[in-house]
>>> print(open('start_2.tsv').read())   # TSV, N, CA and C atoms
chain	number	residue	atom	x	y	z
A	1	MET	N	39.78	14.82	-11.66
A	1	MET	CA	38.95	14.59	-12.82
A	1	MET	C	38.20	15.89	-13.15
A	2	PRO	N	38.20	16.32	-14.41
A	2	PRO	CA	37.52	17.57	-14.77
A	2	PRO	C	36.01	17.38	-14.86
A	3	ALA	N	35.28	18.47	-14.73
A	3	ALA	CA	33.83	18.45	-14.91
A	3	ALA	C	33.52	18.12	-16.37
A	4	THR	N	32.38	17.49	-16.61
A	4	THR	CA	31.98	17.15	-17.98
A	4	THR	C	30.56	17.65	-18.22
A	5	LYS	N	30.19	17.75	-19.48
A	5	LYS	CA	28.82	18.11	-19.83
A	5	LYS	C	28.38	17.26	-21.00
A	6	GLU	N	27.06	17.11	-21.13
A	6	GLU	CA	26.52	16.34	-22.25
A	6	GLU	C	25.21	16.97	-22.68
A	7	ASN	N	25.05	17.16	-23.98
A	7	ASN	CA	23.79	17.62	-24.54
A	7	ASN	C	22.86	16.42	-24.63
A	8	LEU	N	21.70	16.49	-24.01
A	8	LEU	CA	20.79	15.35	-23.96
A	8	LEU	C	19.81	15.31	-25.12
A	9	GLY	N	19.83	16.33	-25.97
A	9	GLY	CA	18.87	16.41	-27.06
A	9	GLY	C	18.88	15.18	-27.96
A	10	HIS	N	20.03	14.61	-28.20
A	10	HIS	CA	20.10	13.44	-29.09
A	10	HIS	C	19.47	12.20	-28.46
A	11	LEU	N	19.21	12.22	-27.17
A	11	LEU	CA	18.58	11.07	-26.51
A	11	LEU	C	17.06	11.09	-26.58
A	12	ILE	N	16.50	12.23	-26.99
A	12	ILE	CA	15.05	12.35	-27.13
A	12	ILE	C	14.73	12.15	-28.61
A	13	ASP	N	14.19	10.99	-28.91
A	13	ASP	CA	13.88	10.63	-30.28
A	13	ASP	C	12.74	11.52	-30.78
A	14	THR	N	12.87	12.06	-31.97
A	14	THR	CA	11.82	12.93	-32.50
A	14	THR	C	10.67	12.12	-33.09
A	15	LYS	N	10.84	10.80	-33.20
A	15	LYS	CA	9.74	9.95	-33.64
A	15	LYS	C	8.84	9.67	-32.43
A	16	ARG	N	7.72	9.03	-32.68
A	16	ARG	CA	6.80	8.66	-31.62
A	16	ARG	C	7.53	7.78	-30.60
A	17	PRO	N	7.40	8.07	-29.31
A	17	PRO	CA	8.11	7.27	-28.30
A	17	PRO	C	7.43	5.91	-28.09
A	18	PRO	N	8.11	5.01	-27.42
A	18	PRO	CA	7.48	3.73	-27.10
A	18	PRO	C	6.23	3.94	-26.25
A	19	LEU	N	5.19	3.20	-26.56
A	19	LEU	CA	3.94	3.25	-25.79
A	19	LEU	C	4.03	2.19	-24.70
A	20	VAL	N	3.86	2.60	-23.45
A	20	VAL	CA	3.94	1.65	-22.35
A	20	VAL	C	2.58	1.52	-21.67
A	21	ARG	N	2.37	0.36	-21.06
A	21	ARG	CA	1.19	0.07	-20.25
A	21	ARG	C	1.68	-0.59	-18.97
A	22	PRO	N	0.84	-0.65	-17.94
A	22	PRO	CA	1.30	-1.29	-16.70
A	22	PRO	C	1.80	-2.72	-16.90
A	23	ASP	N	1.22	-3.44	-17.88
A	23	ASP	CA	1.64	-4.82	-18.09
A	23	ASP	C	2.73	-4.97	-19.15
A	24	THR	N	3.32	-3.86	-19.59
A	24	THR	CA	4.44	-3.95	-20.52
A	24	THR	C	5.58	-4.69	-19.82
A	25	PRO	N	6.12	-5.73	-20.45
A	25	PRO	CA	7.22	-6.47	-19.80
A	25	PRO	C	8.38	-5.54	-19.46
A	26	ARG	N	9.02	-5.79	-18.34
A	26	ARG	CA	10.08	-4.91	-17.86
A	26	ARG	C	11.19	-4.71	-18.90
A	27	HIS	N	11.55	-5.79	-19.62
A	27	HIS	CA	12.62	-5.65	-20.62
A	27	HIS	C	12.19	-4.74	-21.76
A	28	GLU	N	10.89	-4.64	-22.03
A	28	GLU	CA	10.40	-3.71	-23.05
A	28	GLU	C	10.31	-2.29	-22.50
A	29	ALA	N	9.83	-2.16	-21.26
A	29	ALA	CA	9.69	-0.83	-20.65
A	29	ALA	C	11.04	-0.15	-20.48
A	30	THR	N	12.08	-0.91	-20.20
A	30	THR	CA	13.40	-0.30	-20.02
A	30	THR	C	13.97	0.25	-21.32
A	31	LYS	N	13.38	-0.10	-22.45
A	31	LYS	CA	13.81	0.47	-23.73
A	31	LYS	C	13.46	1.96	-23.82
A	32	THR	N	12.59	2.43	-22.94
A	32	THR	CA	12.25	3.86	-22.92
A	32	THR	C	13.31	4.66	-22.17
A	33	MET	N	14.28	3.98	-21.54
A	33	MET	CA	15.26	4.65	-20.68
A	33	MET	C	16.68	4.53	-21.23
A	34	THR	N	17.43	5.60	-21.04
A	34	THR	CA	18.86	5.59	-21.33
A	34	THR	C	19.58	5.96	-20.05
A	35	PHE	N	20.41	5.06	-19.54
A	35	PHE	CA	21.12	5.34	-18.30
A	35	PHE	C	22.38	6.14	-18.61
A	36	LEU	N	22.56	7.22	-17.85
A	36	LEU	CA	23.68	8.14	-18.08
A	36	LEU	C	24.83	7.93	-17.11
A	37	GLY	N	24.54	7.40	-15.92
A	37	GLY	CA	25.59	7.21	-14.93
A	37	GLY	C	25.02	7.11	-13.53
A	38	GLN	N	25.91	7.26	-12.56
A	38	GLN	CA	25.55	7.18	-11.15
A	38	GLN	C	25.83	8.51	-10.47
A	39	CYS	N	25.02	8.83	-9.47
A	39	CYS	CA	25.25	9.99	-8.60
A	39	CYS	C	25.03	9.45	-7.18
A	40	GLY	N	26.11	9.06	-6.52
A	40	GLY	CA	25.97	8.39	-5.23
A	40	GLY	C	25.29	7.05	-5.45
A	41	ASP	N	24.22	6.79	-4.69
A	41	ASP	CA	23.46	5.55	-4.83
A	41	ASP	C	22.40	5.61	-5.93
A	42	HIS	N	22.25	6.76	-6.56
A	42	HIS	CA	21.19	6.96	-7.55
A	42	HIS	C	21.68	6.71	-8.98
A	43	ALA	N	20.87	5.99	-9.74
A	43	ALA	CA	21.08	5.88	-11.18
A	43	ALA	C	20.49	7.14	-11.81
A	44	VAL	N	21.18	7.69	-12.79
A	44	VAL	CA	20.73	8.89	-13.48
A	44	VAL	C	20.47	8.52	-14.93
A	45	GLY	N	19.35	8.96	-15.45
A	45	GLY	CA	19.04	8.64	-16.83
A	45	GLY	C	17.99	9.56	-17.40
A	46	ILE	N	17.62	9.27	-18.63
A	46	ILE	CA	16.58	10.01	-19.32
A	46	ILE	C	15.59	9.00	-19.88
A	47	SER	N	14.31	9.30	-19.78
A	47	SER	CA	13.31	8.42	-20.36
A	47	SER	C	12.43	9.21	-21.32
A	48	TYR	N	11.96	8.52	-22.33
A	48	TYR	CA	11.10	9.11	-23.35
A	48	TYR	C	10.01	8.09	-23.62
A	49	PHE	N	8.76	8.43	-23.29
A	49	PHE	CA	7.69	7.43	-23.37
A	49	PHE	C	6.34	8.12	-23.52
A	50	GLN	N	5.35	7.29	-23.73
A	50	GLN	CA	3.95	7.71	-23.74
A	50	GLN	C	3.14	6.54	-23.21
A	51	GLY	N	2.07	6.81	-22.46
A	51	GLY	CA	1.23	5.74	-21.95
A	51	GLY	C	1.14	5.74	-20.44
A	52	HIS	N	0.93	4.58	-19.85
A	52	HIS	CA	0.74	4.40	-18.41
A	52	HIS	C	1.82	3.45	-17.90
A	53	SER	N	2.67	3.95	-17.03
A	53	SER	CA	3.74	3.11	-16.48
A	53	SER	C	3.18	2.11	-15.48
A	54	ALA	N	3.99	1.12	-15.16
A	54	ALA	CA	3.66	0.22	-14.05
A	54	ALA	C	3.78	1.01	-12.74
A	55	TRP	N	3.19	0.50	-11.69
A	55	TRP	CA	3.36	1.08	-10.36
A	55	TRP	C	4.73	0.67	-9.84
A	56	ALA	N	5.38	1.58	-9.12
A	56	ALA	CA	6.71	1.29	-8.59
A	56	ALA	C	6.91	2.00	-7.27
A	57	ARG	N	7.84	1.47	-6.48
A	57	ARG	CA	8.30	2.19	-5.29
A	57	ARG	C	9.75	1.83	-5.04
A	58	HIS	N	10.45	2.76	-4.39
A	58	HIS	CA	11.89	2.64	-4.18
A	58	HIS	C	12.18	2.90	-2.70
A	59	PRO	N	12.16	1.85	-1.86
A	59	PRO	CA	12.28	2.02	-0.42
A	59	PRO	C	13.62	2.58	0.07
A	60	LYS	N	14.68	2.49	-0.73
A	60	LYS	CA	15.99	2.89	-0.24
A	60	LYS	C	16.39	4.32	-0.60
A	61	GLY	N	15.47	5.09	-1.18
A	61	GLY	CA	15.80	6.48	-1.47
A	61	GLY	C	14.72	7.19	-2.26
A	62	ASP	N	14.69	8.51	-2.13
A	62	ASP	CA	13.77	9.33	-2.91
A	62	ASP	C	14.10	9.20	-4.39
A	63	GLU	N	13.10	9.46	-5.22
A	63	GLU	CA	13.29	9.48	-6.67
A	63	GLU	C	12.97	10.89	-7.16
A	64	LEU	N	13.75	11.36	-8.12
A	64	LEU	CA	13.51	12.68	-8.72
A	64	LEU	C	13.27	12.53	-10.20
A	65	PHE	N	12.32	13.33	-10.71
A	65	PHE	CA	12.08	13.45	-12.15
A	65	PHE	C	12.15	14.93	-12.49
A	66	ILE	N	12.77	15.25	-13.60
A	66	ILE	CA	12.74	16.60	-14.15
A	66	ILE	C	12.13	16.48	-15.53
A	67	VAL	N	10.91	17.00	-15.69
A	67	VAL	CA	10.21	16.91	-16.96
A	67	VAL	C	10.85	17.91	-17.93
A	68	LEU	N	11.29	17.41	-19.07
A	68	LEU	CA	11.91	18.25	-20.08
A	68	LEU	C	10.91	18.63	-21.18
A	69	GLN	N	10.05	17.69	-21.51
A	69	GLN	CA	9.13	17.87	-22.65
A	69	GLN	C	7.85	17.10	-22.37
A	70	GLY	N	6.71	17.66	-22.74
A	70	GLY	CA	5.43	16.99	-22.58
A	70	GLY	C	4.81	17.22	-21.21
A	71	HIS	N	3.68	16.58	-21.00
A	71	HIS	CA	2.93	16.70	-19.75
A	71	HIS	C	2.57	15.31	-19.26
A	72	LEU	N	2.58	15.13	-17.95
A	72	LEU	CA	2.21	13.84	-17.37
A	72	LEU	C	1.41	14.06	-16.10
A	73	ARG	N	0.75	13.01	-15.69
A	73	ARG	CA	0.07	12.97	-14.39
A	73	ARG	C	0.77	11.89	-13.57
A	74	LEU	N	1.20	12.28	-12.37
A	74	LEU	CA	1.81	11.35	-11.44
A	74	LEU	C	0.74	10.89	-10.46
A	75	LEU	N	0.55	9.59	-10.36
A	75	LEU	CA	-0.40	9.01	-9.41
A	75	LEU	C	0.39	8.44	-8.25
A	76	THR	N	-0.10	8.64	-7.03
A	76	THR	CA	0.54	8.06	-5.86
A	76	THR	C	-0.52	7.41	-4.98
A	77	VAL	N	-0.09	6.42	-4.21
A	77	VAL	CA	-1.00	5.77	-3.27
A	77	VAL	C	-0.18	5.32	-2.06
A	78	ASP	N	-0.76	5.57	-0.87
A	78	ASP	CA	-0.17	5.08	0.37
A	78	ASP	C	-1.30	4.73	1.33
A	79	GLU	N	-0.96	4.44	2.57
A	79	GLU	CA	-1.98	4.00	3.53
A	79	GLU	C	-3.02	5.07	3.83
A	80	THR	N	-2.76	6.33	3.50
A	80	THR	CA	-3.74	7.41	3.74
A	80	THR	C	-4.64	7.66	2.55
A	81	GLY	N	-4.34	7.05	1.39
A	81	GLY	CA	-5.20	7.23	0.23
A	81	GLY	C	-4.41	7.48	-1.05
A	82	GLU	N	-5.13	8.02	-2.03
A	82	GLU	CA	-4.56	8.26	-3.35
A	82	GLU	C	-4.42	9.76	-3.58
A	83	ASP	N	-3.47	10.11	-4.45
A	83	ASP	CA	-3.26	11.51	-4.81
A	83	ASP	C	-2.72	11.56	-6.23
A	84	SER	N	-2.73	12.73	-6.82
A	84	SER	CA	-2.14	12.90	-8.15
A	84	SER	C	-1.65	14.33	-8.29
A	85	LEU	N	-0.72	14.51	-9.22
A	85	LEU	CA	-0.28	15.86	-9.57
A	85	LEU	C	0.06	15.88	-11.04
A	86	ASP	N	-0.13	17.03	-11.66
A	86	ASP	CA	0.18	17.21	-13.07
A	86	ASP	C	1.49	17.97	-13.18
A	87	ALA	N	2.29	17.59	-14.18
A	87	ALA	CA	3.59	18.23	-14.37
A	87	ALA	C	3.87	18.42	-15.85
A	88	GLY	N	4.53	19.53	-16.15
A	88	GLY	CA	4.92	19.84	-17.52
A	88	GLY	C	6.39	20.21	-17.58
A	89	PRO	N	6.81	20.76	-18.70
A	89	PRO	CA	8.22	21.11	-18.87
A	89	PRO	C	8.76	21.98	-17.74
A	90	ASN	N	10.01	21.72	-17.38
A	90	ASN	CA	10.72	22.46	-16.34
A	90	ASN	C	10.20	22.22	-14.93
A	91	THR	N	9.52	21.09	-14.73
A	91	THR	CA	8.99	20.73	-13.42
A	91	THR	C	9.87	19.66	-12.78
A	92	LEU	N	10.19	19.86	-11.51
A	92	LEU	CA	10.92	18.88	-10.72
A	92	LEU	C	9.91	18.16	-9.82
A	93	ILE	N	9.91	16.84	-9.86
A	93	ILE	CA	9.03	16.02	-9.02
A	93	ILE	C	9.92	15.22	-8.08
A	94	ARG	N	9.61	15.26	-6.78
A	94	ARG	CA	10.32	14.43	-5.81
A	94	ARG	C	9.32	13.43	-5.24
A	95	ILE	N	9.67	12.16	-5.32
A	95	ILE	CA	8.83	11.09	-4.79
A	95	ILE	C	9.55	10.52	-3.57
A	96	PRO	N	8.95	10.66	-2.39
A	96	PRO	CA	9.61	10.15	-1.18
A	96	PRO	C	9.87	8.64	-1.25
A	97	ALA	N	10.92	8.21	-0.60
A	97	ALA	CA	11.26	6.78	-0.55
A	97	ALA	C	10.06	5.98	-0.08
A	98	GLY	N	9.79	4.88	-0.77
A	98	GLY	CA	8.73	3.96	-0.37
A	98	GLY	C	7.34	4.29	-0.88
A	99	LEU	N	7.13	5.42	-1.53
A	99	LEU	CA	5.80	5.81	-1.99
A	99	LEU	C	5.50	5.15	-3.34
A	100	TRP	N	4.39	4.39	-3.40
A	100	TRP	CA	3.97	3.78	-4.66
A	100	TRP	C	3.56	4.89	-5.62
A	101	HIS	N	3.98	4.77	-6.89
A	101	HIS	CA	3.66	5.79	-7.88
A	101	HIS	C	3.61	5.19	-9.28
A	102	ALA	N	2.89	5.87	-10.16
A	102	ALA	CA	2.81	5.52	-11.58
A	102	ALA	C	2.66	6.82	-12.34
A	103	GLN	N	2.99	6.78	-13.62
A	103	GLN	CA	2.89	7.97	-14.47
A	103	GLN	C	1.96	7.69	-15.65
A	104	ILE	N	1.16	8.68	-15.99
A	104	ILE	CA	0.33	8.61	-17.19
A	104	ILE	C	0.73	9.77	-18.09
A	105	ALA	N	1.11	9.44	-19.32
A	105	ALA	CA	1.50	10.46	-20.30
A	105	ALA	C	0.64	10.26	-21.54
A	106	LYS	N	-0.28	11.19	-21.78
A	106	LYS	CA	-1.14	11.09	-22.96
A	106	LYS	C	-0.45	11.62	-24.20
A	107	GLU	N	0.72	12.20	-24.02
A	107	GLU	CA	1.52	12.72	-25.11
A	107	GLU	C	2.97	12.32	-24.84
A	108	PRO	N	3.85	12.41	-25.81
A	108	PRO	CA	5.26	12.06	-25.55
A	108	PRO	C	5.85	12.90	-24.42
A	109	VAL	N	6.53	12.23	-23.50
A	109	VAL	CA	7.16	12.88	-22.36
A	109	VAL	C	8.64	12.49	-22.33
A	110	ALA	N	9.48	13.48	-22.14
A	110	ALA	CA	10.91	13.25	-21.92
A	110	ALA	C	11.23	13.78	-20.53
A	111	GLN	N	11.97	12.99	-19.76
A	111	GLN	CA	12.31	13.41	-18.41
A	111	GLN	C	13.65	12.81	-17.99
A	112	VAL	N	14.35	13.57	-17.15
A	112	VAL	CA	15.55	13.07	-16.50
A	112	VAL	C	15.11	12.44	-15.19
A	113	PHE	N	15.70	11.31	-14.81
A	113	PHE	CA	15.35	10.68	-13.53
A	113	PHE	C	16.60	10.36	-12.74
A	114	LEU	N	16.45	10.39	-11.42
A	114	LEU	CA	17.46	9.95	-10.47
A	114	LEU	C	16.74	8.99	-9.53
A	115	THR	N	17.17	7.74	-9.48
A	115	THR	CA	16.47	6.75	-8.70
A	115	THR	C	17.42	5.73	-8.10
A	116	VAL	N	17.06	5.23	-6.94
A	116	VAL	CA	17.80	4.13	-6.31
A	116	VAL	C	17.10	2.84	-6.74
A	117	GLY	N	17.78	2.04	-7.54
A	117	GLY	CA	17.16	0.82	-8.05
A	117	GLY	C	17.14	-0.33	-7.06
A	118	GLU	N	18.14	-0.39	-6.17
A	118	GLU	CA	18.23	-1.50	-5.22
A	118	GLU	C	17.00	-1.55	-4.32
A	119	GLY	N	16.38	-2.71	-4.25
A	119	GLY	CA	15.21	-2.90	-3.40
A	119	GLY	C	13.91	-2.42	-4.00
A	120	SER	N	13.94	-1.91	-5.24
A	120	SER	CA	12.73	-1.39	-5.86
A	120	SER	C	11.73	-2.50	-6.14
A	121	GLU	N	10.46	-2.13	-6.13
A	121	GLU	CA	9.37	-3.05	-6.41
A	121	GLU	C	8.51	-2.45	-7.50
A	122	SER	N	7.84	-3.33	-8.28
A	122	SER	CA	6.89	-2.82	-9.26
A	122	SER	C	5.66	-3.73	-9.27
A	123	SER	N	4.56	-3.19	-9.79
A	123	SER	CA	3.31	-3.90	-9.80
A	123	SER	C	2.49	-3.48	-11.02
A	124	ILE	N	1.86	-4.45	-11.66
A	124	ILE	CA	0.95	-4.14	-12.77
A	124	ILE	C	-0.30	-3.47	-12.22
A	125	GLU	N	-0.80	-3.97	-11.11
A	125	GLU	CA	-2.02	-3.45	-10.49
A	125	GLU	C	-1.68	-2.35	-9.49
A	126	LYS	N	-2.62	-1.46	-9.28
A	126	LYS	CA	-2.45	-0.45	-8.24
A	126	LYS	C	-2.35	-1.16	-6.89
A	127	PRO	N	-1.33	-0.88	-6.10
A	127	PRO	CA	-1.16	-1.56	-4.81
A	127	PRO	C	-2.36	-1.31	-3.89
A	128	ARG	N	-2.79	-2.37	-3.22
A	128	ARG	CA	-3.96	-2.25	-2.33
A	128	ARG	C	-3.61	-2.56	-0.88
A	129	ASN	N	-2.72	-3.51	-0.67
A	129	ASN	CA	-2.33	-3.89	0.70
A	129	ASN	C	-1.07	-3.13	1.06
A	130	LEU	N	-1.24	-1.95	1.64
A	130	LEU	CA	-0.11	-1.10	1.95
A	130	LEU	C	0.28	-1.32	3.40
>>> encode(input="start_2.tsv", output="structure tokens")
Amino acid sequence: MPATKENLGHLIDTKRPPLVRPDTPRHEATKTMTFLGQCGDHAVGISYFQGHSAWARHPKGDELFIVLQGHLRLLTVDETGEDSLDAGPNTLIRIPAGLWHAQIAKEPVAQVFLTVGEGSESSIEKPRNL
């Protein structure tokens, strides 16, 4: 099978992206994502959104984000406490397997993601019983 390439620009809508909140129903939140394929056990896709995502964790594998456009704050929480990091264009974020995380985007953000969906959990509230 030959190598392939795809220009992702057409997947980033130039209009205002969907606004998400932690309590956005999952079927609505997934409208911010376009799945491109599989890489081993990981689903590969692109998301375009603004707002505050639900909390999530993926126990069966690390998750990667590559920010293409915009700026976001990644929030994480585990048994040792809370942390955050800011990311902008051309930033790679690796989230270790099992780490609860959420994203806040005050402006439109486009990012490529690689994630293992099997066994994933999500929560409207910040997880407290870790």
>>> closest_residue(input="start_2.tsv", among="A:His101, A:Lys106, A:His42, A:Arg57", to="A:Val20", atoms="only C-alpha atoms")
A:Lys106
>>> residues_around(input="start_2.tsv", residues="A:Asp41", least_positions_apart="5", cutoff="6.5 Å", atoms="all atoms listed in the file", output="list in words")
Thr115, Val116 and Gly117 of chain A
>>> closest_residue(input="start_2.tsv", among="A:Asn7, A:Thr24, A:Gln103, A:Asn129", to="A:Thr76", atoms="only N, CA and C atoms")
A:Gln103
>>> select_by_dssp(input="start_2.tsv", residues="stretch 12-125 of chain A", states="strand (DSSP E or B)", output="ChimeraX atom specification")
/A:19-20,33-39,42-52,55-57,63-69,72-78,81-87,91-95,100-115,121-123
>>> closest_residue(input="start_2.tsv", among="A:Ile104, A:Val112, A:Pro2, A:Ile95", to="A:Asp62", atoms="all atoms listed in the file")
A:Ile95
>>> residues_around(input="start_2.tsv", residues="stretch 26-36 of chain A", least_positions_apart="3", cutoff="8 Å", atoms="only N, CA and C atoms", output="PyMOL selection string")
chain A and resi 11+17-23+39+43-50
>>> write_last_selection(input="start_2.tsv", atoms="N, CA and C atoms", output="compact mmCIF listing (two decimals), in the frame of the given file")
# COMPACT_ATOMS: atom_id res chain seq x y z
N LEU A 11 19.21 12.22 -27.17
CA LEU A 11 18.58 11.07 -26.51
C LEU A 11 17.06 11.09 -26.58
N PRO A 17 7.40 8.07 -29.31
CA PRO A 17 8.11 7.27 -28.30
C PRO A 17 7.43 5.91 -28.09
N PRO A 18 8.11 5.01 -27.42
CA PRO A 18 7.48 3.73 -27.10
C PRO A 18 6.23 3.94 -26.25
N LEU A 19 5.19 3.20 -26.56
CA LEU A 19 3.94 3.25 -25.79
C LEU A 19 4.03 2.19 -24.70
N VAL A 20 3.86 2.60 -23.45
CA VAL A 20 3.94 1.65 -22.35
C VAL A 20 2.58 1.52 -21.67
N ARG A 21 2.37 0.36 -21.06
CA ARG A 21 1.19 0.07 -20.25
C ARG A 21 1.68 -0.59 -18.97
N PRO A 22 0.84 -0.65 -17.94
CA PRO A 22 1.30 -1.29 -16.70
C PRO A 22 1.80 -2.72 -16.90
N ASP A 23 1.22 -3.44 -17.88
CA ASP A 23 1.64 -4.82 -18.09
C ASP A 23 2.73 -4.97 -19.15
N CYS A 39 25.02 8.83 -9.47
CA CYS A 39 25.25 9.99 -8.60
C CYS A 39 25.03 9.45 -7.18
N ALA A 43 20.87 5.99 -9.74
CA ALA A 43 21.08 5.88 -11.18
C ALA A 43 20.49 7.14 -11.81
N VAL A 44 21.18 7.69 -12.79
CA VAL A 44 20.73 8.89 -13.48
C VAL A 44 20.47 8.52 -14.93
N GLY A 45 19.35 8.96 -15.45
CA GLY A 45 19.04 8.64 -16.83
C GLY A 45 17.99 9.56 -17.40
N ILE A 46 17.62 9.27 -18.63
CA ILE A 46 16.58 10.01 -19.32
C ILE A 46 15.59 9.00 -19.88
N SER A 47 14.31 9.30 -19.78
CA SER A 47 13.31 8.42 -20.36
C SER A 47 12.43 9.21 -21.32
N TYR A 48 11.96 8.52 -22.33
CA TYR A 48 11.10 9.11 -23.35
C TYR A 48 10.01 8.09 -23.62
N PHE A 49 8.76 8.43 -23.29
CA PHE A 49 7.69 7.43 -23.37
C PHE A 49 6.34 8.12 -23.52
N GLN A 50 5.35 7.29 -23.73
CA GLN A 50 3.95 7.71 -23.74
C GLN A 50 3.14 6.54 -23.21
>>> atom_distance(input="start_2.tsv", atom1="atom C of A:Leu75", atom2="atom N of A:Gly37")
25.4 Å
